[in-house]
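Novice: Input file: work_30.cif. Contents: mmCIF, C-alpha atoms and all ligand atoms.
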```
data_start
loop_
_atom_site.group_PDB
_atom_site.id
_atom_site.type_symbol
_atom_site.label_atom_id
_atom_site.label_comp_id
_atom_site.auth_asym_id
_atom_site.auth_seq_id
_atom_site.Cartn_x
_atom_site.Cartn_y
_atom_site.Cartn_z
ATOM 1 C CA MET A 221 80.402 130.091 124.999
ATOM 2 C CA PRO A 222 81.433 133.471 123.483
ATOM 3 C CA PRO A 223 82.105 136.270 125.941
ATOM 4 C CA ARG A 224 79.084 138.486 126.506
ATOM 5 C CA PRO A 225 79.255 141.882 124.806
ATOM 6 C CA ASP A 226 80.047 144.870 126.953
ATOM 7 C CA LEU A 227 76.736 146.591 127.625
ATOM 8 C CA GLY A 228 78.473 149.872 128.449
ATOM 9 C CA PRO A 229 77.476 152.369 131.133
ATOM 10 C CA LYS A 230 74.007 151.969 132.588
ATOM 11 C CA PRO A 231 71.428 154.158 130.819
ATOM 12 C CA ARG A 232 69.328 156.641 132.735
ATOM 13 C CA LEU A 233 65.886 155.484 133.855
ATOM 14 C CA GLY A 234 63.208 157.820 132.448
ATOM 15 C CA PHE A 235 61.011 160.021 134.683
ATOM 16 C CA SER A 236 63.019 159.298 137.862
ATOM 17 C CA GLY A 237 65.605 161.222 139.876
ATOM 18 C CA SER A 238 63.893 164.620 139.871
ATOM 19 C CA ARG A 239 66.105 167.597 140.659
ATOM 20 C CA LEU A 240 63.139 169.649 141.843
ATOM 21 C CA GLU A 241 62.620 170.379 145.526
ATOM 22 C CA ARG A 242 58.877 169.786 145.832
ATOM 23 C CA ALA A 243 58.631 172.131 148.833
ATOM 24 C CA ALA A 244 55.295 170.707 149.981
ATOM 25 C CA GLU A 245 55.224 173.180 152.876
ATOM 26 C CA ARG A 246 54.810 176.062 150.415
ATOM 27 C CA ARG A 247 51.743 174.580 148.676
ATOM 28 C CA SER A 248 49.355 176.008 151.266
ATOM 29 C CA ASP A 249 51.229 179.316 151.547
ATOM 30 C CA ALA A 250 49.533 181.572 148.983
ATOM 31 C CA ALA A 251 52.041 184.409 149.498
ATOM 32 C CA ALA A 252 55.015 182.086 148.968
ATOM 33 C CA LEU A 253 53.468 180.665 145.787
ATOM 34 C CA ALA A 254 52.671 184.147 144.477
ATOM 35 C CA GLY A 255 56.277 185.186 145.174
ATOM 36 C CA LEU A 256 57.663 182.170 143.286
ATOM 37 C CA ALA A 257 55.288 182.843 140.363
ATOM 38 C CA ALA A 258 56.284 186.538 140.232
ATOM 39 C CA ASP A 259 60.019 185.741 140.207
ATOM 40 C CA ALA A 260 61.618 186.280 136.781
ATOM 41 C CA ARG A 261 63.153 182.767 136.997
ATOM 42 C CA ALA A 262 59.734 181.068 137.243
ATOM 43 C CA ARG A 263 58.979 178.619 134.428
ATOM 44 C CA ALA A 264 56.104 176.338 133.462
ATOM 45 C CA TYR A 265 55.765 173.029 131.669
ATOM 46 C CA VAL A 266 52.766 173.131 129.353
ATOM 47 C CA VAL A 267 50.623 169.982 129.223
ATOM 48 C CA GLY A 268 47.372 169.307 127.384
ATOM 49 C CA GLY A 269 46.112 165.809 128.216
ATOM 50 C CA ASP A 270 48.703 163.428 126.753
ATOM 51 C CA LEU A 271 50.437 166.204 124.814
ATOM 52 C CA ILE A 272 53.447 168.219 125.935
ATOM 53 C CA VAL A 273 54.230 171.587 124.327
ATOM 54 C CA MET A 274 57.892 172.463 123.673
ATOM 55 C CA LYS A 275 59.814 175.242 121.950
ATOM 56 C CA LYS A 276 61.517 173.765 118.922
ATOM 57 C CA SER A 277 65.272 173.828 119.326
ATOM 58 C CA LEU A 278 68.365 171.854 118.319
ATOM 59 C CA PRO A 279 69.722 169.470 119.419
ATOM 60 C CA LEU A 280 67.140 169.297 122.221
ATOM 61 C CA ASN A 281 63.753 170.987 122.442
ATOM 62 C CA ASP A 282 62.987 173.357 125.323
ATOM 63 C CA PRO A 283 59.923 172.426 127.398
ATOM 64 C CA LEU A 284 60.117 175.476 129.699
ATOM 65 C CA PHE A 285 58.030 178.612 129.173
ATOM 66 C CA THR A 286 57.877 181.780 131.218
ATOM 67 C CA LEU A 287 54.503 182.022 132.916
ATOM 68 C CA SER A 288 53.380 184.775 130.545
ATOM 69 C CA GLU A 289 54.509 182.719 127.535
ATOM 70 C CA ALA A 290 52.521 179.778 128.916
ATOM 71 C CA ARG A 291 49.407 181.903 129.391
ATOM 72 C CA ALA A 292 49.763 183.212 125.840
ATOM 73 C CA LEU A 293 49.543 179.613 124.570
ATOM 74 C CA GLY A 294 46.052 179.285 126.017
ATOM 75 C CA PRO A 295 44.118 179.623 129.272
ATOM 76 C CA ALA A 296 45.049 177.090 131.970
ATOM 77 C CA ALA A 297 42.356 174.672 133.051
ATOM 78 C CA GLU A 298 44.604 174.259 136.112
ATOM 79 C CA THR A 299 47.976 175.588 137.192
ATOM 80 C CA ILE A 300 49.912 173.466 139.645
ATOM 81 C CA PHE A 301 53.034 174.097 141.694
ATOM 82 C CA LEU A 302 55.614 171.408 140.944
ATOM 83 C CA GLY A 303 58.396 172.681 143.202
ATOM 84 C CA HIS A 304 61.492 174.783 142.755
ATOM 85 C CA LEU A 305 64.968 174.386 141.357
ATOM 86 C CA ASP A 306 67.446 176.431 143.391
ATOM 87 C CA GLY A 307 64.629 178.801 144.302
ATOM 88 C CA ALA A 308 63.218 179.128 140.756
ATOM 89 C CA GLY A 309 59.568 178.051 140.775
ATOM 90 C CA ARG A 310 58.408 175.336 138.413
ATOM 91 C CA PHE A 311 54.734 175.095 137.506
ATOM 92 C CA GLY A 312 52.495 172.913 135.391
ATOM 93 C CA HIS A 313 50.213 174.829 133.024
ATOM 94 C CA GLY A 314 47.322 172.567 132.050
ATOM 95 C CA LEU A 315 45.800 173.410 128.676
ATOM 96 C CA ALA A 316 42.628 171.847 127.340
ATOM 97 C CA PRO A 317 43.747 168.893 125.143
ATOM 98 C CA ALA A 318 42.115 170.496 122.075
ATOM 99 C CA ALA A 319 44.099 173.700 122.671
ATOM 100 C CA ALA A 320 47.355 171.715 122.809
ATOM 101 C CA GLU A 321 46.364 169.820 119.658
ATOM 102 C CA ALA A 322 45.774 173.141 117.855
ATOM 103 C CA LEU A 323 49.314 174.290 118.750
ATOM 104 C CA LYS A 324 50.704 171.527 116.493
ATOM 105 C CA ALA A 325 50.104 173.951 113.620
ATOM 106 C CA ARG A 326 52.749 176.361 114.936
ATOM 107 C CA ASP A 327 56.178 176.167 113.309
ATOM 108 C CA ASP A 328 58.037 177.338 116.407
ATOM 109 C CA LEU A 329 56.550 174.648 118.676
ATOM 110 C CA LEU A 330 56.813 170.886 118.915
ATOM 111 C CA VAL A 331 53.707 169.275 120.435
ATOM 112 C CA THR A 332 53.815 165.542 121.023
ATOM 113 C CA ASP A 333 53.115 162.852 123.590
ATOM 114 C CA LEU A 334 55.373 162.223 126.581
ATOM 115 C CA ARG A 335 56.135 158.616 125.654
ATOM 116 C CA SER A 336 57.655 159.746 122.331
ATOM 117 C CA ILE A 337 59.580 162.508 124.094
ATOM 118 C CA ALA A 338 61.113 160.003 126.535
ATOM 119 C CA VAL A 339 61.866 157.236 124.021
ATOM 120 C CA GLN A 340 63.319 159.591 121.400
ATOM 121 C CA GLY A 341 65.134 161.844 123.886
ATOM 122 C CA LEU A 342 63.495 165.023 122.572
ATOM 123 C CA VAL A 343 64.324 167.046 125.711
ATOM 124 C CA ALA A 344 67.218 166.984 128.198
ATOM 125 C CA PRO A 345 66.671 164.015 130.559
ATOM 126 C CA GLU A 346 66.353 166.210 133.673
ATOM 127 C CA HIS A 347 63.069 167.580 132.327
ATOM 128 C CA LEU A 348 61.368 164.170 132.232
ATOM 129 C CA PRO A 349 60.645 163.829 135.989
ATOM 130 C CA PRO A 350 58.936 167.240 136.383
ATOM 131 C CA ILE A 351 57.009 166.749 133.129
ATOM 132 C CA ALA A 352 55.852 163.367 134.453
ATOM 133 C CA GLU A 353 54.842 165.045 137.721
ATOM 134 C CA ALA A 354 52.914 167.770 135.882
ATOM 135 C CA LYS A 355 51.189 165.351 133.507
ATOM 136 C CA ALA A 356 50.101 162.954 136.243
ATOM 137 C CA VAL A 357 48.718 165.644 138.563
ATOM 138 C CA LEU A 358 47.004 167.552 135.755
ATOM 139 C CA HIS A 359 45.398 164.307 134.557
ATOM 140 C CA TRP A 360 44.081 163.738 138.077
ATOM 141 C CA HIS A 361 42.495 167.222 138.057
ATOM 142 C CA ILE A 362 40.700 166.533 134.770
ATOM 143 C CA ARG A 363 39.201 163.346 136.244
ATOM 144 C CA HIS A 364 38.240 164.761 139.648
ATOM 145 C CA ARG A 365 36.197 167.832 138.886
ATOM 146 C CA PHE A 366 33.283 166.393 140.848
ATOM 147 C CA CYS A 367 33.267 164.931 144.329
ATOM 148 C CA PRO A 368 33.054 161.103 144.199
ATOM 149 C CA ASN A 369 31.288 161.253 147.569
ATOM 150 C CA CYS A 370 28.407 163.663 146.798
ATOM 151 C CA GLY A 371 28.747 164.774 143.160
ATOM 152 C CA THR A 372 29.330 168.483 143.859
ATOM 153 C CA ALA A 373 31.953 170.373 141.807
ATOM 154 C CA THR A 374 35.330 170.349 143.594
ATOM 155 C CA GLN A 375 37.856 173.157 143.889
ATOM 156 C CA ALA A 376 41.653 172.902 143.527
ATOM 157 C CA VAL A 377 43.649 174.163 146.526
ATOM 158 C CA ASP A 378 47.225 173.901 147.862
ATOM 159 C CA GLY A 379 48.972 174.663 144.595
ATOM 160 C CA GLY A 380 46.999 171.920 142.879
ATOM 161 C CA TRP A 381 47.818 169.145 145.361
ATOM 162 C CA ARG A 382 44.296 168.776 146.761
ATOM 163 C CA ARG A 383 40.708 169.254 145.625
ATOM 164 C CA ASP A 384 38.079 170.164 148.192
ATOM 165 C CA CYS A 385 34.372 169.534 148.122
ATOM 166 C CA LEU A 386 32.689 172.586 149.624
ATOM 167 C CA ASN A 387 29.457 170.656 150.131
ATOM 168 C CA CYS A 388 30.466 167.521 152.067
ATOM 169 C CA LYS A 389 33.898 168.891 153.098
ATOM 170 C CA THR A 390 35.778 165.856 151.741
ATOM 171 C CA GLN A 391 39.380 166.469 150.701
ATOM 172 C CA HIS A 392 40.656 164.624 147.626
ATOM 173 C CA PHE A 393 44.331 163.963 146.922
ATOM 174 C CA PRO A 394 46.191 163.036 143.705
ATOM 175 C CA ARG A 395 46.501 159.291 143.395
ATOM 176 C CA THR A 396 49.203 156.922 142.225
ATOM 177 C CA ASP A 397 48.341 153.459 140.926
ATOM 178 C CA PRO A 398 50.942 150.789 141.775
ATOM 179 C CA VAL A 399 51.889 148.260 139.105
ATOM 180 C CA VAL A 400 54.192 145.272 139.548
ATOM 181 C CA ILE A 401 56.575 144.611 136.675
ATOM 182 C CA MET A 402 58.659 141.489 137.094
ATOM 183 C CA LEU A 403 61.140 139.178 135.506
ATOM 184 C CA ALA A 404 60.605 135.536 136.410
ATOM 185 C CA ILE A 405 63.942 133.709 136.399
ATOM 186 C CA ASP A 406 64.714 130.029 135.968
ATOM 187 C CA GLY A 407 68.489 129.800 136.307
ATOM 188 C CA GLU A 408 69.981 130.973 133.004
ATOM 189 C CA ARG A 409 66.552 131.611 131.443
ATOM 190 C CA CYS A 410 63.990 134.344 131.969
ATOM 191 C CA LEU A 411 60.318 134.695 131.090
ATOM 192 C CA LEU A 412 59.358 137.447 128.644
ATOM 193 C CA GLY A 413 55.976 138.166 127.110
ATOM 194 C CA ARG A 414 54.463 140.166 124.301
ATOM 195 C CA SER A 415 51.421 142.358 124.608
ATOM 196 C CA PRO A 416 49.410 142.860 121.414
ATOM 197 C CA ARG A 417 50.076 146.605 121.940
ATOM 198 C CA PHE A 418 53.867 146.177 121.566
ATOM 199 C CA VAL A 419 55.771 146.856 118.378
ATOM 200 C CA PRO A 420 56.036 143.451 116.636
ATOM 201 C CA THR A 421 59.632 142.707 117.639
ATOM 202 C CA MET A 422 59.502 143.699 121.310
ATOM 203 C CA TRP A 423 59.403 141.333 124.291
ATOM 204 C CA SER A 424 59.258 142.531 127.881
ATOM 205 C CA CYS A 425 58.660 141.708 131.522
ATOM 206 C CA LEU A 426 55.150 140.754 132.583
ATOM 207 C CA ALA A 427 53.265 143.462 134.478
ATOM 208 C CA GLY A 428 49.941 144.188 136.108
ATOM 209 C CA PHE A 429 48.140 146.455 138.556
ATOM 210 C CA ILE A 430 48.342 145.640 142.247
ATOM 211 C CA GLU A 431 44.822 144.998 143.475
ATOM 212 C CA PRO A 432 43.352 146.332 146.731
ATOM 213 C CA GLY A 433 44.385 144.177 149.672
ATOM 214 C CA GLU A 434 47.368 142.719 147.828
ATOM 215 C CA SER A 435 51.074 142.928 148.665
ATOM 216 C CA ILE A 436 53.730 143.472 145.998
ATOM 217 C CA GLU A 437 54.769 139.812 146.390
ATOM 218 C CA ASP A 438 51.166 138.592 146.097
ATOM 219 C CA ALA A 439 50.670 140.621 142.919
ATOM 220 C CA VAL A 440 53.895 139.262 141.373
ATOM 221 C CA HIS A 441 52.763 135.702 142.138
ATOM 222 C CA ARG A 442 49.234 136.260 140.831
ATOM 223 C CA GLU A 443 50.128 138.120 137.633
ATOM 224 C CA THR A 444 52.845 135.643 136.626
ATOM 225 C CA ARG A 445 50.495 132.727 137.267
ATOM 226 C CA GLU A 446 47.519 134.358 135.489
ATOM 227 C CA GLU A 447 49.367 135.604 132.419
ATOM 228 C CA ALA A 448 51.840 132.781 131.845
ATOM 229 C CA GLY A 449 50.858 129.910 134.149
ATOM 230 C CA ILE A 450 54.194 130.112 135.962
ATOM 231 C CA ALA A 451 54.377 129.671 139.726
ATOM 232 C CA CYS A 452 56.911 131.888 141.511
ATOM 233 C CA GLY A 453 58.648 131.671 144.873
ATOM 234 C CA ARG A 454 61.018 134.318 146.147
ATOM 235 C CA VAL A 455 60.418 137.904 145.011
ATOM 236 C CA VAL A 456 63.153 140.544 145.237
ATOM 237 C CA TYR A 457 62.411 144.251 144.847
ATOM 238 C CA PHE A 458 64.712 145.938 142.336
ATOM 239 C CA GLN A 459 63.776 149.550 141.497
ATOM 240 C CA SER A 460 60.701 151.659 140.787
ATOM 241 C CA GLN A 461 59.707 154.150 138.108
ATOM 242 C CA PRO A 462 56.988 156.793 137.912
ATOM 243 C CA TRP A 463 54.967 155.956 134.809
ATOM 244 C CA PRO A 464 52.659 158.880 134.017
ATOM 245 C CA PHE A 465 50.369 156.999 131.600
ATOM 246 C CA PRO A 466 48.333 158.202 133.302
ATOM 247 C CA THR A 467 49.327 157.869 136.992
ATOM 248 C CA SER A 468 51.163 154.599 137.612
ATOM 249 C CA LEU A 469 54.154 153.675 139.703
ATOM 250 C CA MET A 470 56.026 150.718 138.232
ATOM 251 C CA ILE A 471 57.477 148.504 140.973
ATOM 252 C CA GLY A 472 60.250 146.440 139.424
ATOM 253 C CA CYS A 473 60.993 142.973 140.829
ATOM 254 C CA HIS A 474 62.804 139.752 140.054
ATOM 255 C CA ALA A 475 61.006 136.518 140.899
ATOM 256 C CA GLU A 476 62.171 132.950 141.269
ATOM 257 C CA ALA A 477 60.258 130.700 138.859
ATOM 258 C CA LEU A 478 59.168 127.433 140.478
ATOM 259 C CA SER A 479 57.515 125.888 137.408
ATOM 260 C CA ARG A 480 58.486 125.777 133.741
ATOM 261 C CA LYS A 481 55.445 124.963 131.628
ATOM 262 C CA ILE A 482 54.009 128.166 130.163
ATOM 263 C CA VAL A 483 50.265 128.565 129.671
ATOM 264 C CA VAL A 484 49.632 131.922 127.993
ATOM 265 C CA ASP A 485 46.517 133.919 128.820
ATOM 266 C CA ARG A 486 45.701 135.065 125.293
ATOM 267 C CA THR A 487 43.376 137.814 126.509
ATOM 268 C CA GLU A 488 46.363 139.513 128.184
ATOM 269 C CA LEU A 489 49.332 138.422 126.114
ATOM 270 C CA GLU A 490 50.022 137.591 122.505
ATOM 271 C CA ASP A 491 52.766 135.214 123.571
ATOM 272 C CA ALA A 492 55.219 134.355 126.346
ATOM 273 C CA ARG A 493 58.313 132.157 126.339
ATOM 274 C CA TRP A 494 61.634 131.449 128.024
ATOM 275 C CA PHE A 495 64.696 133.292 126.731
ATOM 276 C CA SER A 496 68.307 132.317 127.432
ATOM 277 C CA LYS A 497 70.650 134.899 128.870
ATOM 278 C CA ASP A 498 72.712 134.855 125.669
ATOM 279 C CA GLU A 499 69.653 135.563 123.526
ATOM 280 C CA VAL A 500 68.554 138.395 125.825
ATOM 281 C CA VAL A 501 72.008 140.007 125.555
ATOM 282 C CA THR A 502 71.570 140.225 121.769
ATOM 283 C CA MET A 503 68.140 141.809 122.284
ATOM 284 C CA LEU A 504 69.548 144.419 124.693
ATOM 285 C CA VAL A 505 72.330 145.408 122.295
ATOM 286 C CA ARG A 506 69.999 145.184 119.286
ATOM 287 C CA ASN A 507 71.752 142.567 117.203
ATOM 288 C CA HIS A 508 69.339 139.653 117.654
ATOM 289 C CA SER A 509 69.279 137.406 114.558
ATOM 290 C CA GLN A 510 65.516 137.890 114.110
ATOM 291 C CA GLY A 511 65.488 141.540 115.188
ATOM 292 C CA LEU A 512 63.837 140.885 118.565
ATOM 293 C CA THR A 513 64.313 143.638 121.147
ATOM 294 C CA THR A 514 63.780 144.499 124.782
ATOM 295 C CA PRO A 515 62.060 147.787 125.762
ATOM 296 C CA PRO A 516 64.043 151.036 125.345
ATOM 297 C CA PRO A 517 66.578 152.130 127.997
ATOM 298 C CA MET A 518 64.253 154.757 129.448
ATOM 299 C CA ALA A 519 61.835 152.009 130.609
ATOM 300 C CA ILE A 520 62.307 150.077 133.842
ATOM 301 C CA ALA A 521 61.820 146.743 132.050
ATOM 302 C CA HIS A 522 65.132 147.356 130.267
ATOM 303 C CA HIS A 523 66.859 147.858 133.620
ATOM 304 C CA ILE A 524 65.226 144.829 135.263
ATOM 305 C CA ILE A 525 66.306 142.602 132.370
ATOM 306 C CA ARG A 526 69.789 144.073 132.186
ATOM 307 C CA ALA A 527 70.418 143.620 135.923
ATOM 308 C CA TRP A 528 69.719 139.901 135.528
ATOM 309 C CA VAL A 529 71.938 139.656 132.435
ATOM 310 C CA GLU A 530 74.740 141.380 134.338
ATOM 311 C CA ASP A 531 74.434 138.803 137.125
ATOM 312 C CA GLU A 532 73.265 141.287 139.735
ATOM 313 C CA ILE A 533 70.342 138.960 140.436
ATOM 314 C CA SER A 534 70.377 135.222 140.969
ATOM 315 C CA PHE A 535 68.191 132.785 142.881
ATOM 316 C CA ASP A 536 70.758 129.957 142.694
HETATM 317 ZN ZN ZN A 601 31.337 166.105 148.312
#
```
Give the structure from the file, written as C-alpha cells.
Ligand SMILES: [Zn+2]
Specialist:
Amino acid sequence: MPPRPDLGPKPRLGFSGSRLERAAERRSDAAALAGLAADARARAYVVGGDLIVMKKSLPLNDPLFTLSEARALGPAAETIFLGHLDGAGRFGHGLAPAAAEALKARDDLLVTDLRSIAVQGLVAPEHLPPIAEAKAVLHWHIRHRFCPNCGTATQAVDGGWRRDCLNCKTQHFPRTDPVVIMLAIDGERCLLGRSPRFVPTMWSCLAGFIEPGESIEDAVHRETREEAGIACGRVVYFQSQPWPFPTSLMIGCHAEALSRKIVVDRTELEDARWFSKDEVVTMLVRNHSQGLTTPPPMAIAHHIIRAWVEDEISFD
C-alpha cells in the first residue's frame, strides 16, 4: 500500500471560533449600547436576506462599514448588537433583501451570498463567525414579526436578541436548529452520500435535522438507517459548526456501522456507497481518478472525514 499523502496543516472550520465578546449583559442596557454605537470604532456587517454587502478590496474584501456608511446603504429593517472586539462595538445592519440586491449594481461594492464568501475565502476568516451570527439573527427577525401565540406584531428589544409581544406578553428568542452530520465507519471504509443538490462530483457525510424528543445519538441512528439503510452502534461526538443557512447548528459525529448492505432512500439521496480510506484521501487532496471530491475545508463534513482518514477515530 502506498504511503498516504501528507494532508498538511488542518484547515480552519468556517463560521466558528468567533473573536467577538458577545457581552450579553449589555444587550438590555440602552445607554451602554448607545455608547458603543457612538464610538468611532463601531462597525456594522450589512446583511440583506442571504446577501452580504462588502467593500471591494484586494486581496480580501472588507465586510465592515461605519454605522453611518451602513445607514447610507439603505434603512435597516433591524439593527442588532453582535458584541464587541476589544471594546469596539459590532452590529448587524439588516437591509431589505431587495435593497441588498440593488447594491449589486455598485462598482465599489461586492454583494453575494455567505456560502460563496466562505467557500471562496472572499473575506478574512475572522469575519465569518460574526457574519454568520448577524445573518442568523436577522433571518429570525424577518420570520418573527408576528407573535406565534396571538398574531400581534412583535417588537425587537435587547439589542435584537428578543422580540416581545405587547398583547399577550410572550417573549420570543432567536432559535437554533440542531442537525446531526455523521460519518458511519466500517473499519477501513466509510459511508458517503450524494444529495441531488450537490455539485456532480461531491460526496459527503449524511445529515439530518434532530427531531423534537430525540437525542443526538437517536438522530444519528435514525438518519443513517432512513437514508442509507445502515444500522449504527456507537456514536462519538466530534465537533460542531454554526451553519447560518438559515439557523442551523451542525453537530458532527462518527458512528460505528453495524450493517453493510446499503438501501438508498432516493427521495433524500441521489446515491450512497462505501468508500475506502485510500479513495477518500484522494478526494480530500483533490486528485481522485474520476474527479470525486469531499466538501470544501470550511465545512464540518471535510473535518469529520479527515479526522477518520488521519486515524483520530476508530471503532476497532
Ligand atoms: Zn402575543
Novice: Quick check, in Å to one decimal: how far apart do atom CA of A:Ala492 and atom CA of A:Ser415 lie?
Specialist: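 So the two atoms, atom CA of A:Ala492 and atom CA of A:Ser415, lie 9.0 Å apart.
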Novice: List as a list in words the protein and nucleic acid residues near A:Arg480, meaning an atom at most 9 Å away when all atoms listed in the file are counted, but skip any in the same chain fewer than 6 places from it.
Specialist: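 Contacts, in chain order: Asp406, Gly449, Ile450, Ala451 and Trp494 of chain A.
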Novice: Identify all residues satisfying the PyMOL selection byres (((chain A and resi 267) around 6) and not hetatm) in the given file; provide them as a PyMOL selection string.
Specialist: chain A and resi 266+268+271-272+314-315
Novice: Would you list the residues that come within 7 Å of ligand ZN 601 (chain A)? Count only C-alpha atoms and all ligand atoms and give the answer as a PDB file with C-alpha atoms, in the frame of the given file.
Specialist:
```
ATOM      1  CA  CYS A 367      33.267 164.931 144.329  1.00  0.00           C
ATOM      2  CA  PRO A 368      33.054 161.103 144.199  1.00  0.00           C
ATOM      3  CA  ASN A 369      31.288 161.253 147.569  1.00  0.00           C
ATOM      4  CA  CYS A 370      28.407 163.663 146.798  1.00  0.00           C
ATOM      5  CA  GLY A 371      28.747 164.774 143.160  1.00  0.00           C
ATOM      6  CA  THR A 372      29.330 168.483 143.859  1.00  0.00           C
ATOM      7  CA  CYS A 385      34.372 169.534 148.122  1.00  0.00           C
ATOM      8  CA  LEU A 386      32.689 172.586 149.624  1.00  0.00           C
ATOM      9  CA  ASN A 387      29.457 170.656 150.131  1.00  0.00           C
ATOM     10  CA  CYS A 388      30.466 167.521 152.067  1.00  0.00           C
ATOM     11  CA  LYS A 389      33.898 168.891 153.098  1.00  0.00           C
ATOM     12  CA  THR A 390      35.778 165.856 151.741  1.00  0.00           C
TER      13      THR A 390
END
```
Novice: List the neighbours of stretch 329-334 of chain A out to 6 Å using all atoms listed in the file; skip same-chain residues closer than 2 positions along the sequence, and give me the result as a PyMOL selection string.
Specialist: chain A and resi 270-276+324+326-327+336-337
Novice: Hey, which of A:Gly433, A:Gly511, A:Pro345, A:Pro394 ends up closest to A:Arg232? Count all atoms listed in the file.
Specialist: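 Going through A:Gly433, A:Gly511, A:Pro345, A:Pro394 one by one, the smallest distance to A:Arg232 is for A:Pro345.
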Novice: Rounded to one decimal in Å, what is the spacing between atom CA of A:Pro432 and atom CA of A:Pro398?
Specialist: 10.1 Å
Novice: Go through the shown structure with the PyMOL selection byres (((chain A and resi 348) around 10) and not hetatm) and write out the matching residues as a PDB file with C-alpha atoms, keeping the file's coordinate frame.
Specialist:
```pdb
ATOM      1  CA  LEU A 233      65.886 155.484 133.855  1.00  0.00           C
ATOM      2  CA  GLY A 234      63.208 157.820 132.448  1.00  0.00           C
ATOM      3  CA  PHE A 235      61.011 160.021 134.683  1.00  0.00           C
ATOM      4  CA  SER A 236      63.019 159.298 137.862  1.00  0.00           C
ATOM      5  CA  GLY A 237      65.605 161.222 139.876  1.00  0.00           C
ATOM      6  CA  SER A 238      63.893 164.620 139.871  1.00  0.00           C
ATOM      7  CA  PRO A 283      59.923 172.426 127.398  1.00  0.00           C
ATOM      8  CA  LEU A 334      55.373 162.223 126.581  1.00  0.00           C
ATOM      9  CA  ILE A 337      59.580 162.508 124.094  1.00  0.00           C
ATOM     10  CA  ALA A 338      61.113 160.003 126.535  1.00  0.00           C
ATOM     11  CA  GLY A 341      65.134 161.844 123.886  1.00  0.00           C
ATOM     12  CA  LEU A 342      63.495 165.023 122.572  1.00  0.00           C
ATOM     13  CA  VAL A 343      64.324 167.046 125.711  1.00  0.00           C
ATOM     14  CA  ALA A 344      67.218 166.984 128.198  1.00  0.00           C
ATOM     15  CA  PRO A 345      66.671 164.015 130.559  1.00  0.00           C
ATOM     16  CA  GLU A 346      66.353 166.210 133.673  1.00  0.00           C
ATOM     17  CA  HIS A 347      63.069 167.580 132.327  1.00  0.00           C
ATOM     18  CA  PRO A 349      60.645 163.829 135.989  1.00  0.00           C
ATOM     19  CA  PRO A 350      58.936 167.240 136.383  1.00  0.00           C
ATOM     20  CA  ILE A 351      57.009 166.749 133.129  1.00  0.00           C
ATOM     21  CA  ALA A 352      55.852 163.367 134.453  1.00  0.00           C
ATOM     22  CA  GLU A 353      54.842 165.045 137.721  1.00  0.00           C
ATOM     23  CA  ALA A 354      52.914 167.770 135.882  1.00  0.00           C
TER      24      ALA A 354
END
```
Novice: Which is closer to A:Trp463 than all the others in A:Ile401, A:Arg445, A:Arg417, A:Thr514, using all atoms listed in the file?
Specialist: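 Of A:Ile401, A:Arg445, A:Arg417, A:Thr514, the one nearest A:Trp463 is A:Ile401, counting all atoms listed in the file.
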Novice: One number please: atom CA of A:Pro466 to atom CA of A:Gly303, in Å, one decimal.
Specialist: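 Atom-to-atom, atom CA of A:Pro466 and atom CA of A:Gly303 are spaced 20.2 Å apart.
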Novice: Evaluating the PyMOL selection byres (((chain A and resi 535) around 10) and not hetatm) on the displayed file yields which residues, as a ChimeraX atom specification?
Specialist: /A:405-407,453-456,474-477,533-534,536
Novice: Looking at A:Ala308, A:Ser277, A:Tyr457, A:Leu227, which one is nearest to A:Arg263, with distances taken over all atoms listed in the file?
Specialist: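 When distances to A:Arg263 are compared using all atoms listed in the file, the smallest one comes from A:Ala308.
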Novice: Determine, counting only C-alpha atoms, which protein, DNA and RNA residues have an atom within 8 Å of an atom of A:Arg395; residues of the same chain fewer than 2 positions away are not included. Present the result as a PyMOL selection string.
Specialist: chain A and resi 360+393+397+467
Novice: Enclose the full set of atoms of stretch 466-483 of chain A listed in the file within a box whose edges lie along x, y and z, apply 6 Å of padding to each of the six sides, and report centre and edge lengths in Å to one decimal as AutoDock Vina command-line options.
Specialist:
```
--center_x 55.6 --center_y 141.6 --center_z 135.5 --size_x 26.5 --size_y 45.2 --size_z 23.6
```
Novice: Find the residue from A:Thr299, A:Thr421, A:Gln461, A:Ser496 that sits nearest to A:Leu287; use all atoms listed in the file when measuring.
Specialist: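 Comparing A:Thr299, A:Thr421, A:Gln461, A:Ser496 against A:Leu287, the winner is A:Thr299.
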